[in-house]
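Q: My structure is stored as upload17.txt, with compact mmCIF, N, CA and C atoms.
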```
# COMPACT_ATOMS: atom_id res chain seq x y z
N MET B 11 -37.35 16.95 124.27
CA MET B 11 -38.20 17.84 125.07
C MET B 11 -37.40 19.07 125.47
N ASP B 12 -38.11 20.17 125.61
CA ASP B 12 -37.50 21.41 126.06
C ASP B 12 -37.83 21.63 127.53
N ALA B 13 -36.89 22.17 128.27
CA ALA B 13 -37.11 22.48 129.69
C ALA B 13 -38.22 23.52 129.81
N GLY B 14 -39.05 23.37 130.82
CA GLY B 14 -40.11 24.33 131.08
C GLY B 14 -41.36 24.14 130.25
N MET B 15 -41.42 23.09 129.47
CA MET B 15 -42.58 22.82 128.62
C MET B 15 -43.29 21.55 129.10
N LEU B 16 -44.61 21.59 129.11
CA LEU B 16 -45.40 20.40 129.39
C LEU B 16 -46.03 19.98 128.07
N TYR B 17 -45.76 18.78 127.66
CA TYR B 17 -46.27 18.24 126.40
C TYR B 17 -47.50 17.39 126.71
N VAL B 18 -48.57 17.60 125.97
CA VAL B 18 -49.83 16.91 126.21
C VAL B 18 -50.23 16.18 124.94
N SER B 19 -50.56 14.90 125.07
CA SER B 19 -51.10 14.11 123.97
C SER B 19 -52.47 13.59 124.40
N LEU B 20 -53.51 14.21 123.88
CA LEU B 20 -54.86 13.75 124.21
C LEU B 20 -55.16 12.38 123.62
N PRO B 21 -54.75 12.10 122.35
CA PRO B 21 -55.04 10.76 121.81
C PRO B 21 -54.40 9.63 122.63
N TYR B 22 -53.21 9.88 123.19
CA TYR B 22 -52.52 8.87 123.99
C TYR B 22 -52.77 9.04 125.49
N ARG B 23 -53.55 10.05 125.85
CA ARG B 23 -53.90 10.33 127.25
C ARG B 23 -52.67 10.32 128.15
N THR B 24 -51.71 11.17 127.79
CA THR B 24 -50.48 11.25 128.56
C THR B 24 -49.88 12.64 128.46
N CYS B 25 -49.08 12.99 129.46
CA CYS B 25 -48.31 14.23 129.46
C CYS B 25 -46.85 13.87 129.67
N GLY B 26 -45.98 14.74 129.23
CA GLY B 26 -44.55 14.53 129.44
C GLY B 26 -43.85 15.85 129.62
N HIS B 27 -42.78 15.84 130.39
CA HIS B 27 -41.95 17.03 130.59
C HIS B 27 -40.60 16.60 131.14
N LEU B 28 -39.64 17.50 131.10
CA LEU B 28 -38.36 17.24 131.73
C LEU B 28 -38.50 17.54 133.20
N CYS B 29 -37.88 16.73 134.03
CA CYS B 29 -37.96 16.91 135.48
C CYS B 29 -37.62 18.35 135.83
N CYS B 30 -38.42 18.92 136.70
CA CYS B 30 -38.26 20.33 137.05
C CYS B 30 -37.02 20.63 137.89
N CYS B 31 -36.35 19.60 138.41
CA CYS B 31 -35.15 19.83 139.21
C CYS B 31 -33.95 20.17 138.34
N GLY B 32 -34.09 19.95 137.02
CA GLY B 32 -32.99 20.26 136.11
C GLY B 32 -32.11 19.09 135.76
N CYS B 33 -32.45 17.88 136.22
CA CYS B 33 -31.62 16.71 135.95
C CYS B 33 -31.72 16.24 134.50
N GLY B 34 -32.75 16.71 133.79
CA GLY B 34 -32.91 16.35 132.38
C GLY B 34 -33.67 15.06 132.12
N ARG B 35 -34.11 14.38 133.16
CA ARG B 35 -34.87 13.13 132.98
C ARG B 35 -36.26 13.43 132.45
N GLU B 36 -36.75 12.56 131.57
CA GLU B 36 -38.10 12.70 131.04
C GLU B 36 -39.11 12.11 132.03
N ILE B 37 -40.15 12.88 132.31
CA ILE B 37 -41.20 12.45 133.21
C ILE B 37 -42.48 12.26 132.39
N VAL B 38 -43.08 11.09 132.49
CA VAL B 38 -44.31 10.79 131.77
C VAL B 38 -45.42 10.58 132.79
N THR B 39 -46.54 11.26 132.60
CA THR B 39 -47.66 11.14 133.51
C THR B 39 -48.89 10.70 132.71
N PRO B 40 -49.31 9.45 132.86
CA PRO B 40 -50.51 8.96 132.18
C PRO B 40 -51.77 9.64 132.73
N LEU B 41 -52.63 10.07 131.85
CA LEU B 41 -53.87 10.72 132.27
C LEU B 41 -54.97 9.66 132.40
N SER B 42 -55.49 9.52 133.60
CA SER B 42 -56.60 8.61 133.85
C SER B 42 -57.16 8.94 135.23
N PRO B 43 -58.40 8.55 135.51
CA PRO B 43 -58.97 8.84 136.83
C PRO B 43 -58.16 8.26 137.99
N ALA B 44 -57.44 7.17 137.75
CA ALA B 44 -56.66 6.54 138.82
C ALA B 44 -55.25 7.11 138.93
N GLN B 45 -54.83 7.93 137.97
CA GLN B 45 -53.46 8.45 138.01
C GLN B 45 -53.50 9.98 138.00
N TRP B 46 -53.17 10.62 136.89
CA TRP B 46 -53.14 12.08 136.83
C TRP B 46 -54.29 12.62 136.01
N SER B 47 -54.68 13.86 136.32
CA SER B 47 -55.68 14.55 135.52
C SER B 47 -55.14 15.92 135.13
N LEU B 48 -55.58 16.39 133.98
CA LEU B 48 -55.13 17.65 133.41
C LEU B 48 -56.31 18.60 133.36
N THR B 49 -56.08 19.84 133.78
CA THR B 49 -57.09 20.89 133.70
C THR B 49 -56.53 22.02 132.86
N TYR B 50 -57.30 22.48 131.88
CA TYR B 50 -56.91 23.60 131.02
C TYR B 50 -57.99 24.65 131.13
N ASP B 51 -57.62 25.87 131.52
CA ASP B 51 -58.61 26.94 131.72
C ASP B 51 -58.63 27.94 130.57
N GLY B 52 -58.02 27.59 129.45
CA GLY B 52 -57.96 28.49 128.31
C GLY B 52 -56.66 29.26 128.24
N GLU B 53 -55.92 29.30 129.33
CA GLU B 53 -54.64 30.01 129.38
C GLU B 53 -53.51 29.16 129.94
N SER B 54 -53.80 28.40 130.98
CA SER B 54 -52.76 27.62 131.63
C SER B 54 -53.28 26.23 131.97
N VAL B 55 -52.35 25.36 132.32
CA VAL B 55 -52.71 23.99 132.67
C VAL B 55 -52.32 23.68 134.10
N SER B 56 -53.04 22.72 134.68
CA SER B 56 -52.70 22.17 135.99
C SER B 56 -52.72 20.66 135.85
N LEU B 57 -51.82 20.02 136.56
CA LEU B 57 -51.71 18.58 136.54
C LEU B 57 -51.80 18.09 137.99
N THR B 58 -52.75 17.21 138.26
CA THR B 58 -52.91 16.70 139.62
C THR B 58 -52.98 15.19 139.60
N PRO B 59 -52.49 14.52 140.62
CA PRO B 59 -51.88 15.04 141.84
C PRO B 59 -50.45 15.50 141.61
N SER B 60 -49.69 15.59 142.67
CA SER B 60 -48.30 16.04 142.57
C SER B 60 -47.45 15.02 141.83
N ILE B 61 -46.26 15.46 141.47
CA ILE B 61 -45.30 14.60 140.78
C ILE B 61 -44.13 14.38 141.74
N GLY B 62 -43.91 13.14 142.11
CA GLY B 62 -42.83 12.80 143.02
C GLY B 62 -41.84 11.89 142.32
N ASN B 63 -40.61 12.32 142.23
CA ASN B 63 -39.57 11.57 141.54
C ASN B 63 -38.54 11.05 142.54
N TRP B 64 -39.01 10.30 143.52
CA TRP B 64 -38.14 9.85 144.60
C TRP B 64 -37.08 8.86 144.14
N SER B 65 -37.29 8.20 143.02
CA SER B 65 -36.30 7.23 142.56
C SER B 65 -35.21 7.86 141.70
N LEU B 66 -35.37 9.14 141.35
CA LEU B 66 -34.34 9.85 140.57
C LEU B 66 -33.36 10.53 141.50
N PRO B 67 -32.17 10.85 141.00
CA PRO B 67 -31.15 11.46 141.87
C PRO B 67 -31.60 12.73 142.59
N GLY B 68 -32.38 13.60 141.93
CA GLY B 68 -32.81 14.85 142.56
C GLY B 68 -33.94 14.69 143.57
N ARG B 69 -34.61 13.52 143.56
CA ARG B 69 -35.71 13.23 144.48
C ARG B 69 -36.70 14.40 144.58
N SER B 70 -37.07 14.97 143.43
CA SER B 70 -37.93 16.14 143.42
C SER B 70 -39.40 15.78 143.65
N HIS B 71 -40.12 16.75 144.18
CA HIS B 71 -41.56 16.59 144.45
C HIS B 71 -42.20 17.96 144.23
N TYR B 72 -43.16 18.02 143.30
CA TYR B 72 -43.75 19.31 142.95
C TYR B 72 -45.13 19.12 142.34
N TRP B 73 -45.85 20.22 142.25
CA TRP B 73 -47.14 20.29 141.57
C TRP B 73 -46.99 21.22 140.39
N ILE B 74 -47.77 20.97 139.35
CA ILE B 74 -47.88 21.91 138.24
C ILE B 74 -49.29 22.48 138.33
N ARG B 75 -49.36 23.76 138.72
CA ARG B 75 -50.64 24.44 138.93
C ARG B 75 -50.64 25.76 138.16
N ASP B 76 -51.67 25.98 137.40
CA ASP B 76 -51.82 27.22 136.64
C ASP B 76 -50.57 27.55 135.83
N GLY B 77 -49.97 26.51 135.25
CA GLY B 77 -48.80 26.69 134.40
C GLY B 77 -47.50 26.98 135.13
N ARG B 78 -47.49 26.82 136.43
CA ARG B 78 -46.28 27.08 137.24
C ARG B 78 -45.94 25.87 138.10
N VAL B 79 -44.69 25.76 138.44
CA VAL B 79 -44.21 24.69 139.30
C VAL B 79 -44.25 25.17 140.75
N HIS B 80 -44.88 24.39 141.60
CA HIS B 80 -44.93 24.67 143.04
C HIS B 80 -44.22 23.52 143.74
N TRP B 81 -43.12 23.84 144.40
CA TRP B 81 -42.28 22.83 145.04
C TRP B 81 -42.84 22.42 146.38
N SER B 82 -42.69 21.14 146.69
CA SER B 82 -43.05 20.61 148.00
C SER B 82 -41.89 20.86 148.95
N HIS B 83 -42.22 21.03 150.22
CA HIS B 83 -41.16 21.15 151.23
C HIS B 83 -40.58 19.77 151.48
N ARG B 84 -39.30 19.70 151.69
CA ARG B 84 -38.64 18.41 151.96
C ARG B 84 -38.80 18.04 153.40
```
Since I need it in another form, could you write the structure as structure tokens?
A:
Amino acid sequence: MDAGMLYVSLPYRTCGHLCCCGCGREIVTPLSPAQWSLTYDGESVSLTPSIGNWSLPGRSHYWIRDGRVHWSHR
């Protein structure tokens, strides 16, 4: 995976990306009504709800909205 890229697999209903904190860990977000949902407006994507990586060293928490990372306050 490349940093700054969100990979989407519709057949497998999942997304993946490298953790936005820069630690290099792969983050997988399954797409389903009970977990994450993906919105594509023709130009950018949003992934909801937020992504919290509290078990990783960087303990990052962020949203991907309109193709950008929005960090949560600690």
Q: Among the residues of chain B, find those DSSP assigns to strand (DSSP E or B) from the backbone and print them as a PyMOL selection string.
A: chain B and resi 17-19+24-28+36-41+46-50+55-62+71-75+78-81
Q: Around segment 11-22 of chain B, with edges along x, y and z and 5 Å added on all six sides, what centre and edge lengths do you get, in Å to one decimal, as JSON?
A:
```
{"center_x": -46.0, "center_y": 16.6, "center_z": 126.4, "size_x": 28.3, "size_y": 25.5, "size_z": 19.3}
```
Q: Pick out the residues sitting within 7 Å of segment 50-65 of chain B, and hand them over as a ChimeraX atom specification; count all atoms listed in the file, and ignore anything fewer than 4 positions along from it in its own chain.
A: /B:45-46,69-78
Q: My list of candidates is B:Pro40, B:Thr49, B:Val79, B:Pro67. Which is closest to Pro21 of chain B when distances are computed with only C-alpha atoms?
A: B:Pro40
Q: Taking into account all atoms listed in the file, which residue in the set B:Gly68, B:Val18, B:Pro43, B:Asp12 is nearest to Cys31 of chain B?
A: B:Gly68
Q: Compute the distance from (-48.7, 15.3, 129.3) to each atom, counting only N, CA and C atoms, keep the residues with any atom at most 7 Å away, and return them as a list in words; use the coordinates of the file.
A: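 It turns out the residues near that spot are Leu16, Tyr17, Val18, Ser19, Arg23, Thr24, Cys25, Gly26, His27, Val38, Thr39 and Pro40 of chain B.
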Q: For Cys33 of chain B, which residue among B:Ser47, B:Ala13, B:Leu20, B:His83 is the nearest when counting only C-alpha atoms?
A: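 Nearest to Cys33 of chain B: B:Ala13.
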Q: So what do you get for atom CA of Gly14 of chain B versus atom CA of Ala44 of chain B, distance-wise?
A: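 Computed distance, atom CA of Gly14 of chain B to atom CA of Ala44 of chain B, equals 25.5 Å.
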Q: For atom C of Trp81 of chain B and atom C of Leu41 of chain B, determine how far apart the two atoms are, in Å to one decimal place.
A: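 Spanning atom C of Trp81 of chain B to atom C of Leu41 of chain B is a straight-line distance of 22.5 Å.
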Q: At the level of C-alpha atoms, write segment 50-79 of chain B to a file as a short mmCIF file (atom, residue, chain, number, x, y, z; two decimals), in the first residue's frame, please.
A:
```
data_model
loop_
_atom_site.label_atom_id
_atom_site.label_comp_id
_atom_site.auth_asym_id
_atom_site.auth_seq_id
_atom_site.Cartn_x
_atom_site.Cartn_y
_atom_site.Cartn_z
CA TYR B 50 -18.27 8.60 -3.33
CA ASP B 51 -19.46 11.90 -4.81
CA GLY B 52 -17.74 11.53 -8.18
CA GLU B 53 -14.56 13.27 -7.00
CA SER B 54 -13.74 12.25 -3.45
CA VAL B 55 -14.60 9.61 -0.88
CA SER B 56 -15.72 9.68 2.74
CA LEU B 57 -15.55 6.80 5.16
CA THR B 58 -17.78 6.74 8.23
CA PRO B 59 -17.64 6.36 11.17
CA SER B 60 -14.23 7.47 12.39
CA ILE B 61 -11.19 5.23 12.47
CA GLY B 62 -9.70 4.69 15.91
CA ASN B 63 -6.45 2.78 16.22
CA TRP B 64 -6.14 2.75 20.00
CA SER B 65 -4.35 -0.60 20.07
CA LEU B 66 -1.54 0.62 17.78
CA PRO B 67 1.48 2.55 19.07
CA GLY B 68 0.33 5.89 17.58
CA ARG B 69 -3.19 5.54 19.06
CA SER B 70 -4.53 7.61 16.16
CA HIS B 71 -8.16 8.64 15.72
CA TYR B 72 -9.40 10.33 12.55
CA TRP B 73 -12.12 10.62 9.93
CA ILE B 74 -11.73 10.40 6.17
CA ARG B 75 -14.07 13.03 4.75
CA ASP B 76 -14.14 14.35 1.19
CA GLY B 77 -10.82 12.68 0.48
CA ARG B 78 -9.04 14.33 3.43
CA VAL B 79 -7.99 13.21 6.88
#
```
